[in-house]
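Chemist: Next comes the structure file query14.txt, holding compact mmCIF, N, CA and C atoms.
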```txt
# COMPACT_ATOMS: atom_id res chain seq x y z
N TYR F 1 -13.99 -15.11 -16.33
CA TYR F 1 -15.37 -15.07 -15.91
C TYR F 1 -16.31 -15.73 -16.92
N GLY F 2 -15.74 -16.53 -17.82
CA GLY F 2 -16.54 -17.27 -18.77
C GLY F 2 -17.09 -16.42 -19.90
N LYS F 3 -16.55 -15.26 -20.12
CA LYS F 3 -17.00 -14.38 -21.20
C LYS F 3 -15.93 -14.36 -22.28
N GLU F 4 -16.37 -14.31 -23.52
CA GLU F 4 -15.41 -14.27 -24.61
C GLU F 4 -15.78 -13.12 -25.55
N GLY F 5 -14.81 -12.29 -25.84
CA GLY F 5 -15.05 -11.16 -26.73
C GLY F 5 -14.77 -11.52 -28.17
N THR F 6 -15.13 -10.61 -29.05
CA THR F 6 -14.88 -10.79 -30.48
C THR F 6 -13.86 -9.76 -30.93
N LYS F 7 -13.33 -9.97 -32.13
CA LYS F 7 -12.38 -9.00 -32.68
C LYS F 7 -13.09 -7.65 -32.88
N GLU F 8 -14.35 -7.69 -33.27
CA GLU F 8 -15.11 -6.45 -33.45
C GLU F 8 -15.22 -5.70 -32.12
N GLU F 9 -15.51 -6.44 -31.05
CA GLU F 9 -15.60 -5.81 -29.73
C GLU F 9 -14.25 -5.21 -29.35
N PHE F 10 -13.18 -5.97 -29.58
CA PHE F 10 -11.84 -5.50 -29.27
C PHE F 10 -11.56 -4.19 -30.01
N ASN F 11 -11.91 -4.15 -31.29
CA ASN F 11 -11.64 -2.96 -32.09
C ASN F 11 -12.38 -1.73 -31.59
N THR F 12 -13.53 -1.91 -30.95
CA THR F 12 -14.26 -0.76 -30.41
C THR F 12 -13.60 -0.23 -29.15
N LEU F 13 -12.67 -0.98 -28.58
CA LEU F 13 -12.03 -0.59 -27.33
C LEU F 13 -10.66 0.03 -27.52
N ILE F 14 -10.31 0.36 -28.76
CA ILE F 14 -9.03 1.02 -29.03
C ILE F 14 -9.19 2.50 -28.73
N GLY F 15 -8.40 3.00 -27.82
CA GLY F 15 -8.43 4.43 -27.50
C GLY F 15 -8.73 4.73 -26.04
N PRO F 16 -9.78 4.15 -25.47
CA PRO F 16 -10.06 4.46 -24.06
C PRO F 16 -8.95 3.97 -23.14
N SER F 17 -8.90 4.54 -21.94
CA SER F 17 -7.93 4.09 -20.94
C SER F 17 -8.31 2.68 -20.46
N ILE F 18 -7.38 2.05 -19.77
CA ILE F 18 -7.63 0.71 -19.22
C ILE F 18 -8.86 0.74 -18.31
N ASP F 19 -8.95 1.73 -17.44
CA ASP F 19 -10.10 1.81 -16.53
C ASP F 19 -11.41 1.96 -17.30
N GLU F 20 -11.39 2.75 -18.37
CA GLU F 20 -12.60 2.92 -19.17
C GLU F 20 -12.98 1.62 -19.88
N ILE F 21 -11.97 0.91 -20.40
CA ILE F 21 -12.22 -0.37 -21.06
C ILE F 21 -12.84 -1.35 -20.08
N VAL F 22 -12.26 -1.42 -18.90
CA VAL F 22 -12.76 -2.36 -17.88
C VAL F 22 -14.20 -2.01 -17.51
N GLU F 23 -14.49 -0.73 -17.37
CA GLU F 23 -15.86 -0.32 -17.03
C GLU F 23 -16.85 -0.71 -18.14
N ILE F 24 -16.45 -0.51 -19.39
CA ILE F 24 -17.29 -0.89 -20.53
C ILE F 24 -17.57 -2.40 -20.50
N LEU F 25 -16.50 -3.19 -20.33
CA LEU F 25 -16.65 -4.64 -20.33
C LEU F 25 -17.44 -5.14 -19.13
N LYS F 26 -17.23 -4.51 -17.97
CA LYS F 26 -17.97 -4.89 -16.76
C LYS F 26 -19.47 -4.72 -17.00
N THR F 27 -19.83 -3.57 -17.55
CA THR F 27 -21.24 -3.28 -17.80
C THR F 27 -21.81 -4.20 -18.88
N LYS F 28 -21.10 -4.31 -19.99
CA LYS F 28 -21.59 -5.09 -21.14
C LYS F 28 -21.80 -6.55 -20.78
N HIS F 29 -20.87 -7.11 -19.99
CA HIS F 29 -20.91 -8.54 -19.69
C HIS F 29 -21.46 -8.86 -18.30
N GLY F 30 -21.90 -7.83 -17.57
CA GLY F 30 -22.49 -8.05 -16.25
C GLY F 30 -21.54 -8.69 -15.25
N LEU F 31 -20.27 -8.24 -15.26
CA LEU F 31 -19.27 -8.80 -14.35
C LEU F 31 -19.47 -8.26 -12.93
N LYS F 32 -19.31 -9.13 -11.95
CA LYS F 32 -19.60 -8.78 -10.55
C LYS F 32 -18.47 -8.10 -9.80
N PRO F 33 -17.18 -8.47 -10.03
CA PRO F 33 -16.11 -7.86 -9.24
C PRO F 33 -16.07 -6.33 -9.41
N SER F 34 -15.42 -5.67 -8.47
CA SER F 34 -15.30 -4.21 -8.52
C SER F 34 -14.44 -3.79 -9.72
N LEU F 35 -14.62 -2.54 -10.14
CA LEU F 35 -13.80 -2.01 -11.23
C LEU F 35 -12.32 -2.08 -10.88
N HIS F 36 -12.00 -1.79 -9.62
CA HIS F 36 -10.60 -1.84 -9.18
C HIS F 36 -10.02 -3.24 -9.35
N ASP F 37 -10.73 -4.24 -8.86
CA ASP F 37 -10.24 -5.63 -8.96
C ASP F 37 -10.13 -6.08 -10.42
N LEU F 38 -11.12 -5.70 -11.23
CA LEU F 38 -11.08 -6.08 -12.65
C LEU F 38 -9.92 -5.39 -13.37
N SER F 39 -9.66 -4.13 -13.04
CA SER F 39 -8.55 -3.40 -13.66
C SER F 39 -7.21 -4.05 -13.32
N ILE F 40 -7.05 -4.43 -12.07
CA ILE F 40 -5.80 -5.10 -11.65
C ILE F 40 -5.64 -6.42 -12.41
N MET F 41 -6.72 -7.18 -12.52
CA MET F 41 -6.67 -8.45 -13.23
C MET F 41 -6.35 -8.23 -14.72
N TYR F 42 -6.95 -7.22 -15.32
CA TYR F 42 -6.75 -6.92 -16.73
C TYR F 42 -5.28 -6.60 -17.01
N VAL F 43 -4.72 -5.69 -16.22
CA VAL F 43 -3.32 -5.29 -16.41
C VAL F 43 -2.40 -6.47 -16.13
N SER F 44 -2.67 -7.24 -15.09
CA SER F 44 -1.85 -8.40 -14.75
C SER F 44 -1.85 -9.42 -15.89
N THR F 45 -3.00 -9.65 -16.48
CA THR F 45 -3.10 -10.59 -17.59
C THR F 45 -2.31 -10.09 -18.80
N LEU F 46 -2.44 -8.81 -19.11
CA LEU F 46 -1.68 -8.25 -20.23
C LEU F 46 -0.19 -8.36 -20.00
N MET F 47 0.25 -8.13 -18.76
CA MET F 47 1.68 -8.21 -18.45
C MET F 47 2.20 -9.64 -18.59
N LYS F 48 1.38 -10.61 -18.23
CA LYS F 48 1.79 -12.02 -18.35
C LYS F 48 1.84 -12.45 -19.80
N GLN F 49 0.84 -12.05 -20.58
CA GLN F 49 0.73 -12.49 -21.97
C GLN F 49 1.56 -11.65 -22.92
N GLY F 50 1.89 -10.44 -22.50
CA GLY F 50 2.57 -9.54 -23.41
C GLY F 50 1.61 -9.12 -24.50
N PHE F 51 2.14 -8.78 -25.63
CA PHE F 51 1.29 -8.32 -26.72
C PHE F 51 1.41 -9.24 -27.92
N GLU F 52 1.59 -10.51 -27.64
CA GLU F 52 1.67 -11.51 -28.70
C GLU F 52 0.42 -11.44 -29.56
N GLY F 53 0.62 -11.42 -30.87
CA GLY F 53 -0.51 -11.36 -31.78
C GLY F 53 -0.98 -9.95 -32.08
N THR F 54 -0.37 -8.95 -31.41
CA THR F 54 -0.74 -7.56 -31.68
C THR F 54 -0.21 -7.16 -33.04
N GLU F 55 -1.03 -6.51 -33.82
CA GLU F 55 -0.64 -6.11 -35.16
C GLU F 55 -0.49 -4.60 -35.25
N LEU F 56 0.51 -4.18 -36.03
CA LEU F 56 0.69 -2.76 -36.29
C LEU F 56 -0.38 -2.29 -37.28
N PHE F 57 -0.68 -1.02 -37.25
CA PHE F 57 -1.54 -0.46 -38.27
C PHE F 57 -0.82 -0.61 -39.61
N PRO F 58 -1.57 -0.74 -40.70
CA PRO F 58 -0.93 -0.88 -42.02
C PRO F 58 0.04 0.27 -42.28
N ASN F 59 1.21 -0.06 -42.77
CA ASN F 59 2.27 0.90 -43.13
C ASN F 59 2.89 1.64 -41.95
N ALA F 60 2.54 1.29 -40.73
CA ALA F 60 3.06 2.01 -39.56
C ALA F 60 4.58 1.95 -39.50
N LYS F 61 5.13 0.77 -39.70
CA LYS F 61 6.59 0.61 -39.61
C LYS F 61 7.28 1.45 -40.68
N ASP F 62 6.77 1.44 -41.91
CA ASP F 62 7.37 2.23 -42.99
C ASP F 62 7.33 3.73 -42.68
N VAL F 63 6.21 4.19 -42.18
CA VAL F 63 6.07 5.62 -41.84
C VAL F 63 7.08 6.01 -40.77
N LEU F 64 7.22 5.17 -39.73
CA LEU F 64 8.16 5.48 -38.65
C LEU F 64 9.60 5.46 -39.15
N GLU F 65 9.94 4.50 -40.01
CA GLU F 65 11.31 4.43 -40.54
C GLU F 65 11.62 5.64 -41.41
N LYS F 66 10.68 6.08 -42.24
CA LYS F 66 10.88 7.27 -43.08
C LYS F 66 11.01 8.52 -42.22
N ALA F 67 10.20 8.63 -41.19
CA ALA F 67 10.27 9.79 -40.29
C ALA F 67 11.62 9.84 -39.59
N LYS F 68 12.10 8.68 -39.17
CA LYS F 68 13.39 8.62 -38.48
C LYS F 68 14.52 9.03 -39.43
N LYS F 69 14.48 8.54 -40.67
CA LYS F 69 15.51 8.90 -41.66
C LYS F 69 15.53 10.40 -41.94
N LYS F 70 14.37 11.04 -41.84
CA LYS F 70 14.29 12.48 -42.07
C LYS F 70 14.70 13.28 -40.83
N GLY F 71 15.02 12.58 -39.74
CA GLY F 71 15.47 13.25 -38.53
C GLY F 71 14.35 13.80 -37.66
N LEU F 72 13.13 13.37 -37.93
CA LEU F 72 12.01 13.85 -37.12
C LEU F 72 12.05 13.21 -35.74
N LYS F 73 11.63 13.95 -34.74
CA LYS F 73 11.54 13.39 -33.40
C LYS F 73 10.28 12.53 -33.34
N LEU F 74 10.42 11.35 -32.78
CA LEU F 74 9.31 10.42 -32.72
C LEU F 74 8.87 10.18 -31.29
N GLY F 75 7.61 9.92 -31.12
CA GLY F 75 7.07 9.59 -29.80
C GLY F 75 5.92 8.60 -29.98
N ILE F 76 5.63 7.92 -28.93
CA ILE F 76 4.52 6.97 -28.94
C ILE F 76 3.51 7.41 -27.89
N VAL F 77 2.26 7.41 -28.28
CA VAL F 77 1.18 7.77 -27.37
C VAL F 77 0.34 6.52 -27.12
N THR F 78 0.00 6.28 -25.87
CA THR F 78 -0.78 5.10 -25.52
C THR F 78 -1.78 5.42 -24.43
N SER F 79 -2.83 4.64 -24.41
CA SER F 79 -3.78 4.76 -23.31
C SER F 79 -3.47 3.73 -22.23
N GLY F 80 -2.38 2.98 -22.43
CA GLY F 80 -1.97 1.97 -21.47
C GLY F 80 -1.29 2.58 -20.25
N THR F 81 -1.09 1.75 -19.25
CA THR F 81 -0.43 2.20 -18.02
C THR F 81 1.08 2.18 -18.18
N LYS F 82 1.80 2.82 -17.27
CA LYS F 82 3.26 2.81 -17.30
C LYS F 82 3.80 1.38 -17.25
N ALA F 83 3.17 0.54 -16.45
CA ALA F 83 3.62 -0.85 -16.33
C ALA F 83 3.54 -1.56 -17.67
N LEU F 84 2.48 -1.31 -18.43
CA LEU F 84 2.32 -1.97 -19.72
C LEU F 84 3.29 -1.42 -20.76
N VAL F 85 3.60 -0.15 -20.68
CA VAL F 85 4.50 0.47 -21.64
C VAL F 85 5.89 -0.14 -21.51
N LYS F 86 6.26 -0.54 -20.32
CA LYS F 86 7.61 -1.06 -20.07
C LYS F 86 7.81 -2.50 -20.55
N ILE F 87 6.72 -3.24 -20.87
CA ILE F 87 6.92 -4.62 -21.30
C ILE F 87 7.14 -4.73 -22.79
```
Written as structure tokens, how would this file's structure read?

Modeler:
Amino acid sequence: YGKEGTKEEFNTLIGPSIDEIVEILKTKHGLKPSLHDLSIMYVSTLMKQGFEGTELFPNAKDVLEKAKKKGLKLGIVTSGTKALVKI
């Protein structure tokens, strides 16, 4: 839709659900399509692009490896959809 976000804007969107992110962006950028259509497009784009360029939090890998060595049960929590978790 001819809009370009910044890294700062992206960082403010960590945590909310996909639908909440889409609603925030729709309002902020004055996008015309429905929330439903924008959400479908958002998820579809993420599935096509994958998460190339996504960075782990500092020391995340080390923390997870140490936890695993100690026999702790590990889980991942996400605000993403089931479809996105599977890619």

Chemist: Mind checking which residues fall within 8 Å of Leu35 of chain F, counting only C-alpha atoms, ignoring those fewer than 6 positions away in the same chain, and posting them as a PyMOL selection string?

Modeler: chain F and resi 19+22-23+26

Chemist: Please compute the atom CA of Ser39 of chain F-atom CA of Lys7 of chain F distance, one decimal, in Å.

Modeler: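 For atom CA of Ser39 of chain F relative to atom CA of Lys7 of chain F, the distance reads 20.2 Å.
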
Chemist: In Å, rounded to a single decimal, give me how far atom CA of Val77 of chain F is from atom CA of Glu65 of chain F.

Modeler: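 Those two atoms sit 16.9 Å apart.
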
Chemist: When DSSP is applied to the backbone of this structure, which of segment 29-67 of chain F are assigned helix (DSSP H, G or I)? Write them out as a ChimeraX atom specification.

Modeler: /F:29,35-49,60-67

Chemist: Smallest atom-to-atom distance to Lys32 of chain F: which of F:Thr6, F:Gly15, F:Glu52, F:Tyr1, using only C-alpha atoms?

Modeler: F:Tyr1

Chemist: Report, in Å to a single decimal, how far apart atom C of Glu9 of chain F and atom N of Thr81 of chain F are.

Modeler: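 These atoms are spaced 18.0 Å apart.
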
Chemist: Restricting the calculation to only N, CA and C atoms: of F:Pro33, F:Pro16, F:Gly2, F:Gly53, which residue gets closest to Gly80 of chain F?

Modeler: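 Answer, going by the shortest atom-to-atom distance: F:Pro16.
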